[in-house]
Amino acid sequence: KKDIKSMNKLKYVMVAGESFPKGLGKRCKNIFKGVQIENIYGPTEAAIYTAGYSLKDLKDKENITVPIGKPFNNVRVYILDKSNKLSSIGVAGELCISGDGLARGYLNRPQLTNEKFINNPFKRKEIIYKTGDLARWLPDGNIEFIGRIDNQVKIRGFRIELGEIENQLQKIPEIREAIVTVVGEEKDDKSICAYLKGKDVDIPYIREELSKVLPYYMIPSYFVEINEVPLTLSGKIDRKALPKPDGNTSIGVEYTAPRNEVEEKLVQIFKEVLNIESKVGIKDNFFDLGGHSLKATMLVSRIYKEFEVEIPLMEIFKITTIEEISSLIKVSEKSIYDGIKPVEKREYYKMSAAQKRMYIINQMDKETITYNMSSVLKLKGKLDKIKIENIFRELINRHESLRTSFTTVKDELVQVVKGVSEIKFKIEYREVNEEKIQDIVKDFIRPFDLSKAPLLRVGLIKIREDEYILITDIHHVISDAVSMGLVIEEFTKLYKGEELKPLKIQYKDYSVWQNKLFESEKIENQEKYWLERFEGEIPVLNMQTDYQRPVLQTYKGASKSFIINKELTNKLNKTAKKTGSTLYMVLLSAVNVLLSKYTGQEDIVIGSPIAGRHHN
């Protein structure tokens, strides 16, 4: 009390260095009467003080994190997206600073200076500093600090701002402090974990409150209650010291132990598929534990293998707990699980269904690049060209698909796996000025001859001493998006000097397995179904266009990208959850409705890419 009385003699108190928790702001207003408390924001590179917010403007009824305020005089603040364009009000972006007091750069660190201090796109002959902080404009002209861009992560294809989740958690009255991190090492096994400090924390209630304002993929998979927030010696949050989720971690559901052998096996399958070590109960939701559609296919496969019961993938979106899945297994008929096994070495192998389709399309137009899967990456820093070339050679040796060519033998479509010594691979290396890159990339992406392996080419362009462009071009007949993700992951590990586990099967093994399956009665029944489904004349979409539909399909077209707001995103996700479907299904239905309104037709056929991986 004595300290508080002495504090009340002050006129101003400036607070800086960390974000101002909402609870602390209200408490300070109540304790320090007559003292003007200012929340100050600013990095060293901008002479510390950039913006400020007076707590006298903080309304008592508002349950929000204290804003960092408005820019001071002679300072300009921009909130920019990845393309250095202005972000709209309420849309998160990188906070950038210009004006008086800005540093000229970092001493003896030209590369970092060029990265952080860039030309102002809105004012000539001026520099702006990219802070690396994530923020957004509020409707009243104040700025809300969200967190570091470093805390922006990608989980299961969604880019997630951990600071946004923390902000929403801190708006819940029972929570005094919240820290959100990512747990899990592998790309496909990462999950969101929230650490909460509060009084009488009710996890199911918190999960429900978050679902009202955040999309499902931003809801933490784990909630850990902590007594104190670990701090570094400098007083900042020590995220590395936070406890890892364990058997006592809550996901918002009271733990119920397995009651029989089926449920015990399902618990183990859940833990292996989701790659988690925490305790899993029979009432825990598969998707709340970090599951997604690709993991669901793995779950179906594991259940099939363990119990010899086929559960349609769609059912996993309806019956999401071990208790429900166990009940379904007990009443389902058994079928024999046919696993994929390595086959003996042959001169050639039959193509898979997907390869046949791709090969036939290619034969119709051998000059097409429609099915070239290309990527262009800008690399900065010291690069070892020889090492990169050797790593690609190692990947080609490792994956038979990268040594596979396609032809016909006795009127049968076949694939030929070349030996390691038969493959001649070399990176196409050039040193050019930056202005010529676009033309080089355009010339690099060219048609493949499917009869010659490898159906992969790699180019490396040196622009300057520490800057390169890496181009990869691979034909879709030997790869897809999932495969490329695995190759990139393996490339990264090899570049770091890590060892890779041997592969159990190759793609040719899958092709032989699939062709054997096609000869079975089960596939005959499926074929019969689809032939009946498309019996007669297949409907043609009667779109009203200002040109005549070409006789042969072309791939000339364009794409239109746009961003939907958070409110609509939440509604779509809730619709998917309510109907037991995926977001993809909801959006596909919307496309069907749109096309129906344009054409007046009800019977519409839409082609869609698929991932046919049923074995793990």
# chains A, B, ... in the order shown; residues from 1 in each chain; ligands from 1

$ select_by_dssp --residues "segment 444-542 of chain A" --states "alpha helix (DSSP H)" --output "compact mmCIF listing (two decimals) with all heavy atoms, in the first residue's frame"
# COMPACT_ATOMS: atom_id res chain seq x y z
N PHE A 444 12.50 -22.80 -69.42
CA PHE A 444 12.87 -24.00 -68.66
C PHE A 444 11.70 -24.99 -68.59
O PHE A 444 11.88 -26.20 -68.65
CB PHE A 444 13.30 -23.59 -67.26
CG PHE A 444 13.76 -24.73 -66.39
CD1 PHE A 444 15.07 -25.19 -66.46
CD2 PHE A 444 12.89 -25.36 -65.52
CE1 PHE A 444 15.49 -26.25 -65.67
CE2 PHE A 444 13.30 -26.41 -64.73
CZ PHE A 444 14.61 -26.86 -64.81
N ALA A 481 0.95 -33.48 -55.41
CA ALA A 481 1.28 -32.50 -54.38
C ALA A 481 1.77 -33.16 -53.10
O ALA A 481 2.71 -32.68 -52.46
CB ALA A 481 0.04 -31.63 -54.10
N VAL A 482 1.13 -34.27 -52.70
CA VAL A 482 1.54 -34.96 -51.48
C VAL A 482 2.95 -35.52 -51.63
O VAL A 482 3.80 -35.38 -50.75
CB VAL A 482 0.54 -36.09 -51.14
CG1 VAL A 482 1.02 -36.87 -49.91
CG2 VAL A 482 -0.84 -35.52 -50.88
N SER A 483 3.22 -36.14 -52.80
CA SER A 483 4.55 -36.70 -53.06
C SER A 483 5.62 -35.61 -53.03
O SER A 483 6.70 -35.80 -52.48
CB SER A 483 4.57 -37.41 -54.41
OG SER A 483 3.58 -38.41 -54.48
N MET A 484 5.31 -34.46 -53.65
CA MET A 484 6.28 -33.37 -53.69
C MET A 484 6.58 -32.86 -52.29
O MET A 484 7.72 -32.51 -51.97
CB MET A 484 5.76 -32.24 -54.58
CG MET A 484 5.86 -32.52 -56.07
SD MET A 484 7.54 -32.97 -56.59
CE MET A 484 8.43 -31.46 -56.21
N GLY A 485 5.56 -32.85 -51.44
CA GLY A 485 5.78 -32.43 -50.06
C GLY A 485 6.77 -33.35 -49.35
O GLY A 485 7.65 -32.89 -48.62
N LEU A 486 6.65 -34.65 -49.62
CA LEU A 486 7.57 -35.62 -49.02
C LEU A 486 8.98 -35.45 -49.57
O LEU A 486 9.97 -35.54 -48.83
CB LEU A 486 7.07 -37.04 -49.29
CG LEU A 486 5.76 -37.43 -48.59
CD1 LEU A 486 5.27 -38.78 -49.09
CD2 LEU A 486 5.94 -37.46 -47.07
N VAL A 487 9.08 -35.22 -50.88
CA VAL A 487 10.40 -35.04 -51.50
C VAL A 487 11.10 -33.80 -50.93
O VAL A 487 12.29 -33.82 -50.63
CB VAL A 487 10.27 -34.94 -53.03
CG1 VAL A 487 11.59 -34.48 -53.67
CG2 VAL A 487 9.86 -36.29 -53.62
N ILE A 488 10.34 -32.71 -50.78
CA ILE A 488 10.90 -31.47 -50.22
C ILE A 488 11.38 -31.71 -48.79
O ILE A 488 12.46 -31.25 -48.39
CB ILE A 488 9.86 -30.34 -50.27
CG1 ILE A 488 9.59 -29.93 -51.73
CG2 ILE A 488 10.33 -29.13 -49.47
CD1 ILE A 488 8.41 -29.02 -51.91
N GLU A 489 10.57 -32.46 -48.03
CA GLU A 489 10.94 -32.77 -46.65
C GLU A 489 12.23 -33.59 -46.60
O GLU A 489 13.13 -33.32 -45.80
CB GLU A 489 9.80 -33.55 -45.99
CG GLU A 489 9.99 -33.83 -44.52
CD GLU A 489 8.82 -34.57 -43.92
OE1 GLU A 489 7.68 -34.37 -44.38
OE2 GLU A 489 9.05 -35.37 -42.99
N GLU A 490 12.34 -34.58 -47.50
CA GLU A 490 13.54 -35.41 -47.54
C GLU A 490 14.75 -34.61 -48.02
O GLU A 490 15.86 -34.79 -47.51
CB GLU A 490 13.31 -36.61 -48.45
CG GLU A 490 12.34 -37.63 -47.86
CD GLU A 490 12.19 -38.87 -48.73
OE1 GLU A 490 12.76 -38.90 -49.85
OE2 GLU A 490 11.50 -39.81 -48.31
N PHE A 491 14.54 -33.73 -48.99
CA PHE A 491 15.62 -32.88 -49.49
C PHE A 491 16.20 -32.04 -48.34
O PHE A 491 17.41 -31.93 -48.18
CB PHE A 491 15.11 -31.97 -50.60
CG PHE A 491 16.15 -31.02 -51.14
CD1 PHE A 491 16.94 -31.38 -52.22
CD2 PHE A 491 16.33 -29.77 -50.57
CE1 PHE A 491 17.90 -30.51 -52.71
CE2 PHE A 491 17.30 -28.90 -51.04
CZ PHE A 491 18.08 -29.28 -52.13
N THR A 492 15.29 -31.47 -47.54
CA THR A 492 15.72 -30.63 -46.41
C THR A 492 16.54 -31.43 -45.42
O THR A 492 17.58 -30.97 -44.92
CB THR A 492 14.49 -30.02 -45.71
OG1 THR A 492 13.70 -29.31 -46.68
CG2 THR A 492 14.90 -29.06 -44.62
N LYS A 493 16.07 -32.64 -45.12
CA LYS A 493 16.80 -33.49 -44.16
C LYS A 493 18.18 -33.86 -44.69
O LYS A 493 19.18 -33.83 -43.95
CB LYS A 493 15.99 -34.75 -43.86
CG LYS A 493 14.76 -34.50 -42.99
CD LYS A 493 14.02 -35.79 -42.70
CE LYS A 493 12.83 -35.54 -41.78
NZ LYS A 493 12.08 -36.77 -41.49
N LEU A 494 18.26 -34.21 -45.97
CA LEU A 494 19.55 -34.58 -46.56
C LEU A 494 20.51 -33.40 -46.59
O LEU A 494 21.71 -33.55 -46.36
CB LEU A 494 19.34 -35.13 -47.98
CG LEU A 494 18.66 -36.51 -48.08
CD1 LEU A 494 18.33 -36.84 -49.52
CD2 LEU A 494 19.54 -37.59 -47.47
N TYR A 495 19.98 -32.20 -46.87
CA TYR A 495 20.83 -31.01 -46.91
C TYR A 495 21.40 -30.71 -45.52
O TYR A 495 22.50 -30.19 -45.37
CB TYR A 495 20.05 -29.80 -47.43
CG TYR A 495 20.94 -28.68 -47.92
CD1 TYR A 495 21.47 -28.69 -49.20
CD2 TYR A 495 21.27 -27.61 -47.07
CE1 TYR A 495 22.29 -27.68 -49.64
CE2 TYR A 495 22.10 -26.59 -47.51
CZ TYR A 495 22.61 -26.63 -48.80
OH TYR A 495 23.44 -25.62 -49.23
N TYR A 507 6.38 -47.18 -55.81
CA TYR A 507 5.10 -46.96 -56.49
C TYR A 507 4.72 -48.14 -57.38
O TYR A 507 3.55 -48.47 -57.52
CB TYR A 507 5.15 -45.68 -57.33
CG TYR A 507 3.78 -45.29 -57.86
CD1 TYR A 507 2.90 -44.56 -57.08
CD2 TYR A 507 3.37 -45.70 -59.12
CE1 TYR A 507 1.63 -44.23 -57.53
CE2 TYR A 507 2.10 -45.37 -59.59
CZ TYR A 507 1.24 -44.63 -58.80
OH TYR A 507 -0.01 -44.31 -59.26
N LYS A 508 5.70 -48.82 -57.95
CA LYS A 508 5.40 -49.96 -58.82
C LYS A 508 4.69 -51.07 -58.03
O LYS A 508 3.85 -51.80 -58.56
CB LYS A 508 6.68 -50.50 -59.45
CG LYS A 508 7.60 -51.23 -58.48
CD LYS A 508 8.73 -51.94 -59.16
CE LYS A 508 9.50 -52.86 -58.23
NZ LYS A 508 9.98 -52.23 -57.00
N ASP A 509 5.03 -51.18 -56.73
CA ASP A 509 4.38 -52.17 -55.88
C ASP A 509 2.89 -51.83 -55.73
O ASP A 509 2.03 -52.72 -55.72
CB ASP A 509 5.04 -52.21 -54.50
CG ASP A 509 6.54 -52.49 -54.61
OD1 ASP A 509 6.92 -53.35 -55.43
OD2 ASP A 509 7.32 -51.85 -53.89
N TYR A 510 2.62 -50.54 -55.59
CA TYR A 510 1.22 -50.11 -55.51
C TYR A 510 0.50 -50.39 -56.83
O TYR A 510 -0.66 -50.85 -56.83
CB TYR A 510 1.16 -48.61 -55.19
CG TYR A 510 -0.19 -47.98 -55.45
CD1 TYR A 510 -1.25 -48.20 -54.58
CD2 TYR A 510 -0.40 -47.18 -56.58
CE1 TYR A 510 -2.49 -47.63 -54.81
CE2 TYR A 510 -1.64 -46.62 -56.83
CZ TYR A 510 -2.68 -46.85 -55.94
OH TYR A 510 -3.91 -46.30 -56.18
N SER A 511 1.15 -50.14 -57.97
CA SER A 511 0.54 -50.39 -59.28
C SER A 511 0.15 -51.85 -59.44
O SER A 511 -0.95 -52.18 -59.91
CB SER A 511 1.49 -49.98 -60.40
OG SER A 511 1.79 -48.60 -60.35
N VAL A 512 1.06 -52.76 -59.07
CA VAL A 512 0.77 -54.20 -59.17
C VAL A 512 -0.39 -54.56 -58.25
O VAL A 512 -1.30 -55.31 -58.63
CB VAL A 512 2.04 -55.02 -58.79
CG1 VAL A 512 1.70 -56.50 -58.69
CG2 VAL A 512 3.13 -54.79 -59.84
N TRP A 513 -0.36 -54.02 -57.01
CA TRP A 513 -1.46 -54.28 -56.05
C TRP A 513 -2.79 -53.78 -56.60
O TRP A 513 -3.81 -54.48 -56.52
CB TRP A 513 -1.11 -53.58 -54.74
CG TRP A 513 -2.22 -53.60 -53.71
CD1 TRP A 513 -2.49 -54.56 -52.81
CD2 TRP A 513 -3.20 -52.57 -53.52
NE1 TRP A 513 -3.58 -54.22 -52.05
CE2 TRP A 513 -4.04 -53.01 -52.46
CE3 TRP A 513 -3.46 -51.34 -54.13
CZ2 TRP A 513 -5.11 -52.24 -52.00
CZ3 TRP A 513 -4.53 -50.58 -53.68
CH2 TRP A 513 -5.35 -51.03 -52.62
N GLN A 514 -2.79 -52.57 -57.18
CA GLN A 514 -4.03 -51.99 -57.69
C GLN A 514 -4.58 -52.78 -58.87
O GLN A 514 -5.79 -53.04 -58.96
CB GLN A 514 -3.81 -50.53 -58.11
CG GLN A 514 -5.09 -49.81 -58.47
CD GLN A 514 -4.84 -48.45 -59.11
OE1 GLN A 514 -4.23 -48.37 -60.17
NE2 GLN A 514 -5.31 -47.40 -58.45
N ASN A 515 -3.70 -53.19 -59.77
CA ASN A 515 -4.16 -53.97 -60.93
C ASN A 515 -4.74 -55.32 -60.50
O ASN A 515 -5.69 -55.82 -61.10
CB ASN A 515 -3.02 -54.17 -61.93
CG ASN A 515 -2.82 -52.95 -62.82
OD1 ASN A 515 -3.61 -52.69 -63.71
ND2 ASN A 515 -1.77 -52.19 -62.56
N LYS A 516 -4.15 -55.89 -59.47
CA LYS A 516 -4.70 -57.14 -58.92
C LYS A 516 -6.08 -56.90 -58.33
O LYS A 516 -7.00 -57.72 -58.48
CB LYS A 516 -3.74 -57.69 -57.86
CG LYS A 516 -4.19 -59.00 -57.24
CD LYS A 516 -3.22 -59.44 -56.15
CE LYS A 516 -3.72 -60.70 -55.45
NZ LYS A 516 -2.82 -61.11 -54.33
N LEU A 517 -6.23 -55.75 -57.67
CA LEU A 517 -7.52 -55.38 -57.07
C LEU A 517 -8.58 -55.19 -58.16
O LEU A 517 -9.75 -55.54 -57.97
CB LEU A 517 -7.35 -54.10 -56.26
CG LEU A 517 -8.51 -53.68 -55.35
CD1 LEU A 517 -8.73 -54.70 -54.23
CD2 LEU A 517 -8.25 -52.30 -54.76
N PHE A 518 -8.16 -54.62 -59.32
CA PHE A 518 -9.11 -54.38 -60.41
C PHE A 518 -9.72 -55.68 -60.95
O PHE A 518 -10.77 -55.66 -61.57
CB PHE A 518 -8.42 -53.62 -61.54
CG PHE A 518 -8.22 -52.15 -61.25
CD1 PHE A 518 -7.26 -51.41 -61.94
CD2 PHE A 518 -8.96 -51.51 -60.30
CE1 PHE A 518 -7.08 -50.06 -61.67
CE2 PHE A 518 -8.80 -50.16 -60.01
CZ PHE A 518 -7.84 -49.44 -60.70
N GLU A 521 -13.84 -59.11 -57.65
CA GLU A 521 -15.29 -58.90 -57.77
C GLU A 521 -15.70 -57.57 -57.15
O GLU A 521 -16.63 -56.92 -57.61
CB GLU A 521 -16.02 -60.05 -57.07
CG GLU A 521 -17.53 -59.99 -57.21
CD GLU A 521 -18.21 -61.15 -56.50
OE1 GLU A 521 -17.55 -62.17 -56.22
OE2 GLU A 521 -19.42 -61.03 -56.22
N LYS A 522 -14.97 -57.17 -56.11
CA LYS A 522 -15.29 -55.91 -55.42
C LYS A 522 -15.21 -54.72 -56.37
O LYS A 522 -16.10 -53.86 -56.38
CB LYS A 522 -14.31 -55.73 -54.25
CG LYS A 522 -14.52 -54.45 -53.47
CD LYS A 522 -13.47 -54.36 -52.37
CE LYS A 522 -13.59 -53.02 -51.64
NZ LYS A 522 -12.57 -52.89 -50.58
N ILE A 523 -14.16 -54.65 -57.17
CA ILE A 523 -14.00 -53.53 -58.10
C ILE A 523 -15.01 -53.65 -59.24
O ILE A 523 -15.51 -52.64 -59.75
CB ILE A 523 -12.56 -53.49 -58.65
CG1 ILE A 523 -11.58 -53.24 -57.51
CG2 ILE A 523 -12.40 -52.42 -59.71
CD1 ILE A 523 -11.77 -51.91 -56.80
N GLU A 524 -15.34 -54.87 -59.63
CA GLU A 524 -16.35 -55.05 -60.68
C GLU A 524 -17.67 -54.45 -60.26
O GLU A 524 -18.38 -53.82 -61.06
CB GLU A 524 -16.51 -56.55 -60.99
CG GLU A 524 -15.36 -57.15 -61.80
CD GLU A 524 -15.56 -58.63 -62.06
OE1 GLU A 524 -16.64 -59.15 -61.70
OE2 GLU A 524 -14.64 -59.27 -62.60
N ASN A 525 -18.02 -54.61 -58.99
CA ASN A 525 -19.27 -54.04 -58.48
C ASN A 525 -19.21 -52.51 -58.49
O ASN A 525 -20.21 -51.85 -58.81
CB ASN A 525 -19.52 -54.53 -57.05
CG ASN A 525 -19.84 -56.02 -57.01
OD1 ASN A 525 -20.31 -56.58 -58.00
ND2 ASN A 525 -19.57 -56.66 -55.89
N GLN A 526 -18.05 -51.95 -58.14
CA GLN A 526 -17.90 -50.50 -58.17
C GLN A 526 -17.98 -49.97 -59.60
O GLN A 526 -18.60 -48.94 -59.87
CB GLN A 526 -16.56 -50.09 -57.53
CG GLN A 526 -16.50 -50.34 -56.04
CD GLN A 526 -15.25 -49.76 -55.41
OE1 GLN A 526 -14.59 -48.92 -56.00
NE2 GLN A 526 -14.93 -50.21 -54.21
N GLU A 527 -17.32 -50.69 -60.54
CA GLU A 527 -17.37 -50.30 -61.95
C GLU A 527 -18.81 -50.32 -62.46
O GLU A 527 -19.24 -49.40 -63.17
CB GLU A 527 -16.50 -51.24 -62.77
CG GLU A 527 -16.43 -50.88 -64.25
CD GLU A 527 -15.61 -51.87 -65.05
OE1 GLU A 527 -15.40 -53.00 -64.58
OE2 GLU A 527 -15.17 -51.51 -66.15
N LYS A 528 -19.54 -51.35 -62.08
CA LYS A 528 -20.94 -51.48 -62.49
C LYS A 528 -21.76 -50.29 -61.99
O LYS A 528 -22.59 -49.73 -62.71
CB LYS A 528 -21.52 -52.79 -61.96
CG LYS A 528 -22.96 -53.05 -62.38
CD LYS A 528 -23.46 -54.37 -61.79
CE LYS A 528 -24.92 -54.59 -62.16
NZ LYS A 528 -25.44 -55.84 -61.54
N TYR A 529 -21.49 -49.89 -60.74
CA TYR A 529 -22.22 -48.76 -60.16
C TYR A 529 -22.01 -47.48 -60.97
O TYR A 529 -22.96 -46.77 -61.30
CB TYR A 529 -21.76 -48.53 -58.70
CG TYR A 529 -22.23 -47.22 -58.12
CD1 TYR A 529 -23.52 -47.09 -57.61
CD2 TYR A 529 -21.39 -46.10 -58.11
CE1 TYR A 529 -23.95 -45.88 -57.08
CE2 TYR A 529 -21.81 -44.89 -57.58
CZ TYR A 529 -23.10 -44.79 -57.06
OH TYR A 529 -23.53 -43.58 -56.56
N TRP A 530 -20.74 -47.17 -61.30
CA TRP A 530 -20.44 -45.92 -61.99
C TRP A 530 -20.92 -45.96 -63.44
O TRP A 530 -21.35 -44.94 -63.98
CB TRP A 530 -18.95 -45.62 -61.92
CG TRP A 530 -18.53 -45.16 -60.56
CD1 TRP A 530 -17.79 -45.84 -59.64
CD2 TRP A 530 -18.90 -43.92 -59.93
NE1 TRP A 530 -17.65 -45.10 -58.49
CE2 TRP A 530 -18.31 -43.92 -58.63
CE3 TRP A 530 -19.66 -42.82 -60.34
CZ2 TRP A 530 -18.48 -42.86 -57.75
CZ3 TRP A 530 -19.81 -41.76 -59.44
CH2 TRP A 530 -19.23 -41.78 -58.18
N LEU A 531 -20.87 -47.12 -64.07
CA LEU A 531 -21.39 -47.22 -65.44
C LEU A 531 -22.90 -46.99 -65.46
O LEU A 531 -23.43 -46.35 -66.38
CB LEU A 531 -21.05 -48.59 -66.04
CG LEU A 531 -19.58 -48.82 -66.38
CD1 LEU A 531 -19.34 -50.27 -66.81
CD2 LEU A 531 -19.13 -47.86 -67.49
N GLU A 532 -23.59 -47.47 -64.45
CA GLU A 532 -25.02 -47.23 -64.35
C GLU A 532 -25.31 -45.77 -64.01
O GLU A 532 -26.28 -45.19 -64.50
CB GLU A 532 -25.63 -48.15 -63.29
CG GLU A 532 -25.67 -49.61 -63.70
CD GLU A 532 -26.19 -50.51 -62.59
OE1 GLU A 532 -26.45 -49.98 -61.47
OE2 GLU A 532 -26.34 -51.73 -62.82
N ARG A 533 -24.45 -45.21 -63.16
CA ARG A 533 -24.62 -43.81 -62.76
C ARG A 533 -24.52 -42.86 -63.95
O ARG A 533 -25.24 -41.88 -64.05
CB ARG A 533 -23.54 -43.47 -61.73
CG ARG A 533 -23.65 -42.08 -61.13
CD ARG A 533 -24.72 -42.02 -60.10
NE ARG A 533 -24.74 -40.72 -59.43
CZ ARG A 533 -25.69 -40.33 -58.62
NH1 ARG A 533 -26.72 -41.12 -58.37
NH2 ARG A 533 -25.65 -39.16 -58.04

$ select_by_dssp --residues "segment 368-574 of chain A" --states "strand (DSSP E)" --output "PyMOL selection string"
chain A and resi 372-380+404-409+412-417+428-431+456-464+467-475

$ closest_residue --among "A:Tyr359, A:Glu164, A:Asn285, A:Asn260" --to "Tyr222 of chain A" --atoms "only C-alpha atoms"
A:Asn285

$ residues_around --residues "Lys356 of chain A" --least-positions-apart "4" --cutoff "9 Å" --atoms "only C-alpha atoms" --output "list in words"
Met351, Ser352, Ile360, Ile361, Leu413, Val414 and Val477 of chain A

$ atom_distance --atom1 "atom CA of Gly339 of chain A" --atom2 "atom CA of Arg357 of chain A"
24.1 Å

$ closest_residue --among "A:Ile282, A:Leu294, A:Ile97, A:Met543" --to "Glu324 of chain A" --atoms "only C-alpha atoms"
A:Ile282

$ closest_residue --among "A:Ile396, A:Ile269, A:Leu24, A:Leu80" --to "Arg176 of chain A" --atoms "only C-alpha atoms"
A:Leu24

$ residues_around --residues "Glu38 of chain A" --least-positions-apart "3" --cutoff "10 Å" --atoms "only C-alpha atoms" --output "number ranges by chain"
A: 12-16, 35, 41, 51-56, 68-69

$ atom_distance --atom1 "atom CA of Ile175 of chain A" --atom2 "atom CA of Lys197 of chain A"
6.0 Å

$ residues_around --residues "Ser98 of chain A" --least-positions-apart "4" --cutoff "9 Å" --atoms "only C-alpha atoms" --output "NGL selection string"
:A and (46 or 74-78 or 102 or 120 or 126-129)

$ residues_around --residues "Thr575 of chain A" --least-positions-apart "3" --cutoff "12 Å" --atoms "only C-alpha atoms" --output "VMD selection string"
chain A and resid 215 to 216 568 to 572 578 to 587 589 to 590

$ residues_around --residues "Asn84 of chain A" --least-positions-apart "4" --cutoff "9 Å" --atoms "only C-alpha atoms" --output "CSV table (one decimal) with N, CA, C and O atoms, in the first residue's frame"
chain,number,residue,atom,x,y,z
A,79,ILE,N,0.6,-0.8,-42.1
A,79,ILE,CA,0.4,-2.2,-41.9
A,79,ILE,C,0.2,-2.9,-43.2
A,79,ILE,O,-0.8,-2.6,-43.9
A,80,LEU,N,1.2,-3.7,-43.6
A,80,LEU,CA,1.3,-4.2,-45.0
A,80,LEU,C,1.1,-5.7,-45.0
A,80,LEU,O,1.5,-6.4,-44.1
A,94,GLU,N,2.0,-6.9,-41.4
A,94,GLU,CA,3.3,-6.5,-40.7
A,94,GLU,C,3.3,-5.0,-40.4
A,94,GLU,O,3.1,-4.2,-41.3
A,121,PRO,N,7.0,2.1,-50.5
A,121,PRO,CA,6.2,2.0,-51.7
A,121,PRO,C,5.2,3.2,-51.9
A,121,PRO,O,4.7,3.3,-53.0

$ atom_distance --atom1 "atom CA of Thr256 of chain A" --atom2 "atom CA of Ile319 of chain A"
16.7 Å

$ closest_residue --among "A:Ile118, A:Leu214, A:Ile303, A:Leu138" --to "Leu162 of chain A" --atoms "only C-alpha atoms"
A:Leu214

$ closest_atom_pairs --of "segment 16-91 of chain A" --to "segment 232-237 of chain A" --cutoff "12 Å" --atoms "only C-alpha atoms" --output "tab-separated table"
residue	atom	partner	partner_atom	distance
A:Ala16	CA	A:Lys236	CA	11.9
A:Gly17	CA	A:Lys236	CA	8.7
A:Glu18	CA	A:Lys236	CA	7.5
A:Ser19	CA	A:Lys236	CA	10.3

$ write_last_selection --atoms "C-alpha atoms" --output "compact mmCIF listing (two decimals), in the first residue's frame"
# COMPACT_ATOMS: atom_id res chain seq x y z
CA ALA A 16 6.75 -0.70 -22.78
CA GLY A 17 8.62 -3.85 -23.80
CA GLU A 18 5.78 -6.41 -23.77
CA SER A 19 2.12 -6.46 -24.74

$ closest_residue --among "A:Phe317, A:Phe145, A:Tyr555, A:Tyr195" --to "Leu242 of chain A" --atoms "only C-alpha atoms"
A:Tyr195
